[in-house]
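Structure first, commentary second.
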6 protein chains.
Amino acid sequence: ASMVTAEDFMFKGLNIAGDTSKMLGSSVTAANVMQIPGLNTLGISMARIDFAPNGGLNPPHTHPRATEILVVIEGTLSVGFITTDNRLFSKTLEKGDVFVFPKGLVHFQLNVGRYNAVAIAALSSQLPGTQQVAMSLFGASPPVDASLLAKAFKIDASLVKRLQREFLG
Amino acid sequence: ASMVTAEDFMFKGLNIAGDTSKMLGSSVTAANVMQIPGLNTLGISMARIDFAPNGGLNPPHTHPRATEILVVIEGTLSVGFITTDNRLFSKTLEKGDVFVFPKGLVHFQLNVGRYNAVAIAALSSQLPGTQQVAMSLFGASPPVDASLLAKAFKIDASLVKRLQREFLG
Amino acid sequence: ASMVTAEDFMFKGLNIAGDTSKMLGSSVTAANVMQIPGLNTLGISMARIDFAPNGGLNPPHTHPRATEILVVIEGTLSVGFITTDNRLFSKTLEKGDVFVFPKGLVHFQLNVGRYNAVAIAALSSQLPGTQQVAMSLFGASPPVDASLLAKAFKIDASLVKRLQREFLG
Amino acid sequence: ASMVTAEDFMFKGLNIAGDTSKMLGSSVTAANVMQIPGLNTLGISMARIDFAPNGGLNPPHTHPRATEILVVIEGTLSVGFITTDNRLFSKTLEKGDVFVFPKGLVHFQLNVGRYNAVAIAALSSQLPGTQQVAMSLFGASPPVDASLLAKAFKIDASLVKRLQREFLG
Amino acid sequence: ASMVTAEDFMFKGLNIAGDTSKMLGSSVTAANVMQIPGLNTLGISMARIDFAPNGGLNPPHTHPRATEILVVIEGTLSVGFITTDNRLFSKTLEKGDVFVFPKGLVHFQLNVGRYNAVAIAALSSQLPGTQQVAMSLFGASPPVDASLLAKAFKIDASLVKRLQREFLG
Amino acid sequence: ASMVTAEDFMFKGLNIAGDTSKMLGSSVTAANVMQIPGLNTLGISMARIDFAPNGGLNPPHTHPRATEILVVIEGTLSVGFITTDNRLFSKTLEKGDVFVFPKGLVHFQLNVGRYNAVAIAALSSQLPGTQQVAMSLFGASPPVDASLLAKAFKIDASLVKRLQREFLG
């Protein structure tokens with residue numbers, strides 16, 4: 001404990017835009033216990049999310065151990081989560097709007113504006129984890145059985161295999 | 001409290017096979033706080049899962065508020081969960097085998113045997129909730145934007161719309 | 001974490017009947033964090049309980065850190081727990097019946113049928129602990145003061161000493 | 001909330017000795033959420049325990065929802081708890097000695113001095129509950145099956161029935 | 001539950017600067033469960049903090065039920081918290097810097113720049129509470145005994161009384 | 001675990017009065033996990049507080065991680081806590097009176113009698129921590145900026161500097 005300093009409670013760089021040129025046009029910069037050791041046992045963390053103009057997407061995902069609360073810093077986002085009885089709760093958010101994604105539920109954020117969008121998110125865990133739904137299913141290693149995915153998604157196994165090739169890169 | 005009786009801690013019927021003729025060939029019978037009021041505040045519940053022969057599937061889903069531990073009572077199941085770094089942890093389970101699905105992670109169970117399969121699952125919440133991944137995305141009401149899903153799953157919007165029609169029935 | 005595999009989330013053998021020829025005619029096979037390292041921090045575990053015909057008894061005991069939910073797989077059990085105001089909540093359970101034993105309360109299960117009985121129990125702790133009431137009091141090492149037990153149970157100290165010899169074997 | 005006052009956080013009377021002339025020569029005066037509404041959600045409570053001279057006994061019991069920490073204010077107590085592997089951890093406590101009884105484990109306190117003894121206990125729950133082991137088993141209402149208790153305690157059913165009459169008064 | 005809508009998870013207005021012309025030159029706009037009912041049971045909330053140029057101060061305070069994590073959106077803040085062994089952990093934060101104030105510890109934020117400063121804070125409670133240290137001591141109603149405060153702060157009782165008049169307005 | 005003994009659950013010495021001749025006329029003797037290793041993970045601890053006659057003061061402080069419940073063993077105390085909306089909840093306590101100080105709120109105890117006073121306190125954490133408000137602000141190392149404190153307390157910076165010299169000794 002005597003070795004702990006103020007540095008252990010600080011993180012620099014949430015002013016820097018993430019690279020949205022890859023993936024689906026979004027980028028998450030995390031500030032959790034992996035970056036800030038002082039968060040250990042404290043049950044909270046933060047992240048910056050950048051979105052490319054015209055459709056930058058943080059695709060459907062869950063945080064297995066955390067609720068997320070998000071505020072739009074810049075731009076316009078269409079956001080939503082889906083409940084366990086398959087209701088979509090969604091809103092279009094402008095700068096300054098806040099939205100809550102309850103623990104463990106599938107949710108997404110999409111830039112529906114013509115400019116960059118930026119959000120600050122906070123999560124109720126020091127290490128919330130993120131599970132990308134499509135990537136986890138079609139890009140798992142080793143792969144999930146193709147016929148299982150075909151049945152679950154009501155698509156052909158051949159399409160599953162094509163998707164698996166795409167997601168596994 | 002003086003009105004509470006032993007009935008409030010009991011549930012009958014986990015010996016009865018669920019109807020696996022619909023859906024994807026599986027059926028879940030829950031024994032949680034909705035059925036057993038005495039479970040209130042106690043942080044645990046149970047369920048029976050039935051699987052049709054030759055591919056009865058409990059499709060990829062999450063429990064937003066619970067870890068699941070499952071034991072096979074009858075038959076042979078291929079089960080797995082996917083971690084937040086997209087690793088598939090899977091096993092083929094025979095009668096008496098136990099497997100754990102950590103809180104919030106996408107997981108599935110598939111009957112790979114030629115006969116009915118039955119499992120008993122316990123969950124670390126009195127009301128764990130279940131989110132079916134494919135159903136929540138393609139069968140949400142109102143629907144999730146088709147172009148968003150197309151981008152997330154790397155498929156055509158026309159296919160998304162076909163899937164949405166199928167999942168919404 | 002990179003060394004973790006699917007093996008860490010699995011346990012084999014809950015299909016195998018425990019030996020009910022000793023003790024009081026019951027046997028508990030545990031599947032907790034001692035057997036399944038992947039249960040660490042996840043707050044749940046499982047067990048199989050076997051009962052000999054005609055009176056196999058899982059004697060009055062507590063789980064200091066867990067609620068138990070139990071389903072009968074085979075046979076007929078008389079089960080019950082006692083509340084902090086000394087009310088007995090009990091039921092006779094047949095195959096498929098589920099019963100809840102709230103955290104920390106004294107409870108028991110007795111085979112009242114003519115055949116073997118089997119139950120699957122789940123507990124709301126990765127390491128619930130079990131305290132056998134009679135054994136803990138009369139079989140403790142070093143022994144609990146005999147006159148203390150005599151007073152608590154309203155019996156002679158000589159009987160306490162005889163019981164201590166029997167429980168300590 | 002605007003109706004809350006300092007009275008809701010106060011309790012008077014832990015200076016008054018409980019009546020130790022009945023029962024087994026001990027008396028517990030509780031200061032928990034039933035007496036102090038301000039304790040709601042705060043996870044702690046207190047109690048005074050009085051012991052008659054020469055053997056006043058707080059007999060073996062558990063607190064299903066709390067750890068207890070106790071300090072001797074006056075007198076000499078022999079105290080102990082039993083672990084889940086049937087080890088007795090015990091000490092003789094003098095004035096000013098503190099002892100811990102971990103959550104859910106069977107424990108007791110006995111006045112081994114020639115004068116009154118007094119202890120202040122704190123418990124890690126706003127409503128810890130107390131289960132008297134002997135009373136809960138032999139004094140339950142309705143009674144626990146006598147043959148079950150006979151088997152569990154390795155005594156005759158006739159003795160069980162005599163004890164049940166004594167405990168039920 | 002069927003009455004719940006997306007509105008219950010949303011809050012508008014964190015883009016609007018608070019009025020920093022009063023108090024000590026800072027203003028907090030909360031987005032907690034009082035504004036967002038959907039946060040109930042979810043253990044997180046958010047706030048915007050505005051600071052007037054040249055010394056706008058969010059004075060020493062605690063959150064009795066929450067850790068705070070803060071990111072600077074605009075300007076330059078000198079921030080710090082004091083540990084239970086009276087060590088000051090402080091940093092000067094620029095735009096994009098993140099700092100953590102552990103649960104319950106006294107902390108402050110001061111605008112040391114020549115322009116407005118803005119921060120977004122997240123807190124690990126749906127209703128974290130805020131206790132202003134100076135205000136709670138010198139502005140309490142009814143007042144804290146002046147001689148007690150004089151002794152605690154090593155100042156004259158006459159100064160305490162002057163401060164109490166100022167804080168009570 | 002096999003090395004654990006009854007010693008790990010015991011602490012001696014809460015009968016011994018602390019030295020109230022220094023500081024502000026009070027002294028706290030702790031019995032937490034630093035003194036009693038068996039308290040680890042158990043979420044409770046204890047302390048004895050001594051007060052000099054005629055004004056012995058346990059000055060305004062918080063416990064960042066614990067609620068406190070206190071009983072007066074000897075003497076007369078004026079105690080109070082301040083809520084997050086700056087209401088003082090206070091009482092004069094005599095021997096045997098119990099009072100609760102909710103988690104994280106500023107509180108104090110003052111001996112208003114002519115003799116020594118003694119209290120036993122219990123706290124809802126194995127390591128509750130104590131933050132002395134005046135000491136943490138004026139005696140922090142390195143010092144908190146004097147102009148910041150001057151502004152927060154509505155006093156001159158020169159007085160702040162004098163106080164800092166006094167508190168830092």
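Chain lettering (A, B, ...) mirrors the order of the structure tokens, residue numbering begins at 1 for each chain separately, and ligand numbering begins at 1 in order of display.
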Determine which residues of chain C sit within 7 Å of chain D, taking into account only C-alpha atoms, and present them as a PyMOL selection string. chain C and resi 59+64-65+82+84+86-88+103-105+129-131+134+136+139-142+152-153
What does the structure give for the distance between atom CA of Ala119 of chain A and atom CA of Gly113 of chain E, in Å to one decimal? 24.3 Å
Would you please give, as number ranges by chain, all residues of segment 2-153 of chain C that DSSP assigns to helix (DSSP H, G or I) based on the backbone? C: 6-9, 37-39, 133-138, 146-153
Selection from above, all heavy atoms, as a compact mmCIF listing (two decimals), in the first residue's frame, can you write it?
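Writing the result to again10.txt gives the following:
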```txt
# COMPACT_ATOMS: atom_id res chain seq x y z
N ALA C 6 -11.70 -25.74 -21.32
CA ALA C 6 -13.05 -26.24 -21.05
C ALA C 6 -13.04 -27.25 -19.90
O ALA C 6 -14.04 -27.38 -19.17
CB ALA C 6 -13.64 -26.87 -22.30
N GLU C 7 -11.93 -27.96 -19.70
CA GLU C 7 -11.84 -28.93 -18.59
C GLU C 7 -12.12 -28.26 -17.24
O GLU C 7 -12.62 -28.89 -16.32
CB GLU C 7 -10.45 -29.57 -18.53
CG GLU C 7 -10.07 -30.37 -19.75
CD GLU C 7 -10.90 -31.63 -19.92
OE1 GLU C 7 -11.43 -32.13 -18.89
OE2 GLU C 7 -11.04 -32.11 -21.06
N ASP C 8 -11.74 -26.98 -17.13
CA ASP C 8 -11.89 -26.28 -15.84
C ASP C 8 -13.34 -26.00 -15.49
O ASP C 8 -13.64 -25.54 -14.38
CB ASP C 8 -11.10 -24.97 -15.88
CG ASP C 8 -9.61 -25.21 -16.03
OD1 ASP C 8 -9.08 -26.02 -15.25
OD2 ASP C 8 -8.99 -24.62 -16.93
N PHE C 9 -14.24 -26.23 -16.45
CA PHE C 9 -15.66 -25.95 -16.23
C PHE C 9 -16.50 -27.24 -16.20
O PHE C 9 -17.72 -27.18 -16.24
CB PHE C 9 -16.18 -24.99 -17.31
CG PHE C 9 -15.51 -23.64 -17.24
CD1 PHE C 9 -14.32 -23.39 -17.91
CD2 PHE C 9 -16.05 -22.62 -16.46
CE1 PHE C 9 -13.68 -22.16 -17.81
CE2 PHE C 9 -15.42 -21.40 -16.36
CZ PHE C 9 -14.22 -21.16 -17.03
N PRO C 37 -12.69 -25.90 -10.91
CA PRO C 37 -12.05 -24.60 -10.63
C PRO C 37 -12.72 -23.43 -11.33
O PRO C 37 -12.67 -22.29 -10.83
CB PRO C 37 -10.60 -24.80 -11.11
CG PRO C 37 -10.55 -26.12 -11.81
CD PRO C 37 -11.74 -26.91 -11.42
N GLY C 38 -13.37 -23.68 -12.46
CA GLY C 38 -14.04 -22.60 -13.18
C GLY C 38 -15.18 -21.96 -12.41
O GLY C 38 -15.66 -20.89 -12.78
N LEU C 39 -15.62 -22.59 -11.32
CA LEU C 39 -16.70 -22.00 -10.50
C LEU C 39 -16.20 -20.84 -9.65
O LEU C 39 -17.02 -20.12 -9.04
CB LEU C 39 -17.32 -23.07 -9.59
CG LEU C 39 -18.34 -23.98 -10.25
CD1 LEU C 39 -18.78 -25.08 -9.29
CD2 LEU C 39 -19.58 -23.19 -10.71
N VAL C 133 -25.44 -31.25 12.24
CA VAL C 133 -25.74 -30.74 13.57
C VAL C 133 -25.31 -31.70 14.68
O VAL C 133 -24.56 -31.34 15.59
CB VAL C 133 -27.24 -30.40 13.71
CG1 VAL C 133 -27.56 -30.06 15.15
CG2 VAL C 133 -27.59 -29.24 12.79
N ALA C 134 -25.76 -32.95 14.61
CA ALA C 134 -25.44 -33.90 15.68
C ALA C 134 -23.94 -34.17 15.72
O ALA C 134 -23.30 -34.15 16.77
CB ALA C 134 -26.22 -35.19 15.50
N MET C 135 -23.36 -34.41 14.56
CA MET C 135 -21.93 -34.69 14.48
C MET C 135 -21.11 -33.50 14.99
O MET C 135 -20.13 -33.69 15.71
CB MET C 135 -21.55 -35.00 13.04
CG MET C 135 -20.09 -35.38 12.83
SD MET C 135 -19.64 -36.91 13.74
CE MET C 135 -17.90 -37.02 13.36
N SER C 136 -21.51 -32.28 14.62
CA SER C 136 -20.70 -31.13 15.03
C SER C 136 -20.75 -30.95 16.54
O SER C 136 -19.76 -30.55 17.15
CB SER C 136 -21.17 -29.86 14.32
OG SER C 136 -22.42 -29.45 14.81
N LEU C 137 -21.87 -31.29 17.16
CA LEU C 137 -21.99 -31.09 18.60
C LEU C 137 -21.39 -32.25 19.39
O LEU C 137 -20.65 -32.04 20.35
CB LEU C 137 -23.45 -30.89 18.99
CG LEU C 137 -23.97 -29.51 18.57
CD1 LEU C 137 -25.48 -29.45 18.67
CD2 LEU C 137 -23.33 -28.44 19.44
N PHE C 138 -21.70 -33.49 18.97
CA PHE C 138 -21.25 -34.65 19.77
C PHE C 138 -19.96 -35.27 19.23
O PHE C 138 -19.33 -36.06 19.91
CB PHE C 138 -22.37 -35.69 19.84
CG PHE C 138 -23.56 -35.21 20.61
CD1 PHE C 138 -24.69 -34.74 19.96
CD2 PHE C 138 -23.52 -35.15 22.00
CE1 PHE C 138 -25.79 -34.25 20.67
CE2 PHE C 138 -24.61 -34.67 22.72
CZ PHE C 138 -25.74 -34.22 22.06
N ALA C 146 -19.09 -31.79 28.12
CA ALA C 146 -20.25 -32.68 28.23
C ALA C 146 -21.37 -32.05 29.05
O ALA C 146 -22.56 -32.21 28.73
CB ALA C 146 -19.83 -34.02 28.85
N SER C 147 -21.02 -31.32 30.09
CA SER C 147 -22.09 -30.75 30.92
C SER C 147 -22.82 -29.64 30.16
O SER C 147 -24.02 -29.44 30.34
CB SER C 147 -21.52 -30.23 32.24
OG SER C 147 -20.61 -29.18 32.00
N LEU C 148 -22.09 -28.94 29.30
CA LEU C 148 -22.73 -27.92 28.45
C LEU C 148 -23.76 -28.57 27.54
O LEU C 148 -24.90 -28.12 27.43
CB LEU C 148 -21.65 -27.20 27.65
CG LEU C 148 -22.03 -26.02 26.78
CD1 LEU C 148 -20.78 -25.16 26.49
CD2 LEU C 148 -22.69 -26.39 25.46
N LEU C 149 -23.36 -29.67 26.89
CA LEU C 149 -24.29 -30.35 25.98
C LEU C 149 -25.46 -30.96 26.76
O LEU C 149 -26.60 -30.94 26.28
CB LEU C 149 -23.56 -31.42 25.18
CG LEU C 149 -22.57 -30.87 24.14
CD1 LEU C 149 -21.75 -32.00 23.54
CD2 LEU C 149 -23.33 -30.12 23.04
N ALA C 150 -25.17 -31.49 27.94
CA ALA C 150 -26.23 -32.07 28.76
C ALA C 150 -27.29 -31.02 29.07
O ALA C 150 -28.50 -31.25 28.94
CB ALA C 150 -25.63 -32.62 30.06
N LYS C 151 -26.82 -29.82 29.42
CA LYS C 151 -27.76 -28.75 29.74
C LYS C 151 -28.54 -28.31 28.50
O LYS C 151 -29.76 -28.14 28.54
CB LYS C 151 -26.97 -27.57 30.32
CG LYS C 151 -27.84 -26.49 30.92
CD LYS C 151 -27.00 -25.50 31.73
CE LYS C 151 -27.87 -24.49 32.45
NZ LYS C 151 -27.08 -23.53 33.25
N ALA C 152 -27.83 -28.18 27.39
CA ALA C 152 -28.48 -27.70 26.16
C ALA C 152 -29.53 -28.68 25.66
O ALA C 152 -30.59 -28.27 25.17
CB ALA C 152 -27.44 -27.45 25.07
N PHE C 153 -29.24 -29.99 25.79
CA PHE C 153 -30.16 -30.99 25.26
C PHE C 153 -31.05 -31.61 26.33
O PHE C 153 -31.83 -32.51 26.05
CB PHE C 153 -29.36 -32.09 24.52
CG PHE C 153 -28.93 -31.65 23.16
CD1 PHE C 153 -27.71 -31.02 22.97
CD2 PHE C 153 -29.76 -31.83 22.05
CE1 PHE C 153 -27.31 -30.60 21.70
CE2 PHE C 153 -29.37 -31.41 20.79
CZ PHE C 153 -28.14 -30.78 20.61
```
All strand (DSSP E or B) positions in segment 34-71 of chain B, as number ranges by chain: B: 45-51, 57-62, 68-71
Hey, can you spit out that residue selection with C-alpha atoms as a CSV table (one decimal), in the first residue's frame?
```csv
chain,number,residue,atom,x,y,z
B,45,SER,CA,-33.3,-21.1,-9.1
B,46,MET,CA,-33.6,-24.3,-11.2
B,47,ALA,CA,-34.8,-25.5,-14.6
B,48,ARG,CA,-35.4,-28.7,-16.6
B,49,ILE,CA,-34.3,-28.7,-20.2
B,50,ASP,CA,-35.7,-31.3,-22.7
B,51,PHE,CA,-34.1,-31.9,-26.1
B,57,LEU,CA,-31.2,-27.4,-29.8
B,58,ASN,CA,-31.3,-24.9,-27.0
B,59,PRO,CA,-29.9,-22.1,-29.2
B,60,PRO,CA,-27.2,-19.6,-28.3
B,61,HIS,CA,-28.5,-17.4,-25.4
B,62,THR,CA,-27.3,-15.6,-22.3
B,68,GLU,CA,-25.6,-21.7,-15.0
B,69,ILE,CA,-24.5,-25.1,-13.8
B,70,LEU,CA,-26.0,-28.1,-15.7
B,71,VAL,CA,-26.1,-31.8,-15.2
```
Could you tell me how far atom CA of Leu14 of chain F lies from atom CA of Ala52 of chain F, in Å and to one decimal? 16.6 Å
